[in-house]
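This report refers to the structure that appears directly beneath it.
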Amino acid sequence: LAMQGRYSYRESLAERMKMLDLNPHFLAEALAILRQKITPSFLRNRDFFQKNADHIHIITGAFIELVWPIVSTFGLKREQVYANRL
């Protein structure tokens, strides 16, 4: 329905989320996996991110509940992270 323009992005995402039947355990498991996937170049630039946090914005189609716990450790600002909410 979304591909036909009969659902908004928000409605489509809500329908998909219902099908996943997520619980907090899945979120913790996903975060553990994601923390292992941070690229070496991102880790090397931690100081840069911290020094320039006022000027860095993250725009992603991912979920804030997965993004924020990771990028917060780099000193970035929550109000400058734009993501979907679970």
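Identifiers in the structure tokens: chain A, B, ... in order shown; residue index from 1 per chain; ligand index from 1 in order shown.
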
Give the strand (DSSP E) residues of chain A, as assigned by DSSP on the backbone, as a VMD selection string. chain A and resid 58 to 63 81 to 84

Using only C-alpha atoms, which residues sit within 9 Å of segment 70-76 of chain A once same-chain residues fewer than 6 positions away are excluded, as a ChimeraX atom specification? /A:31,34-35,38,43,46-47,49-54,56-57

Between atom CA of Trp68 of chain A and atom CA of His55 of chain A - distance in Å to one decimal: 16.7 Å
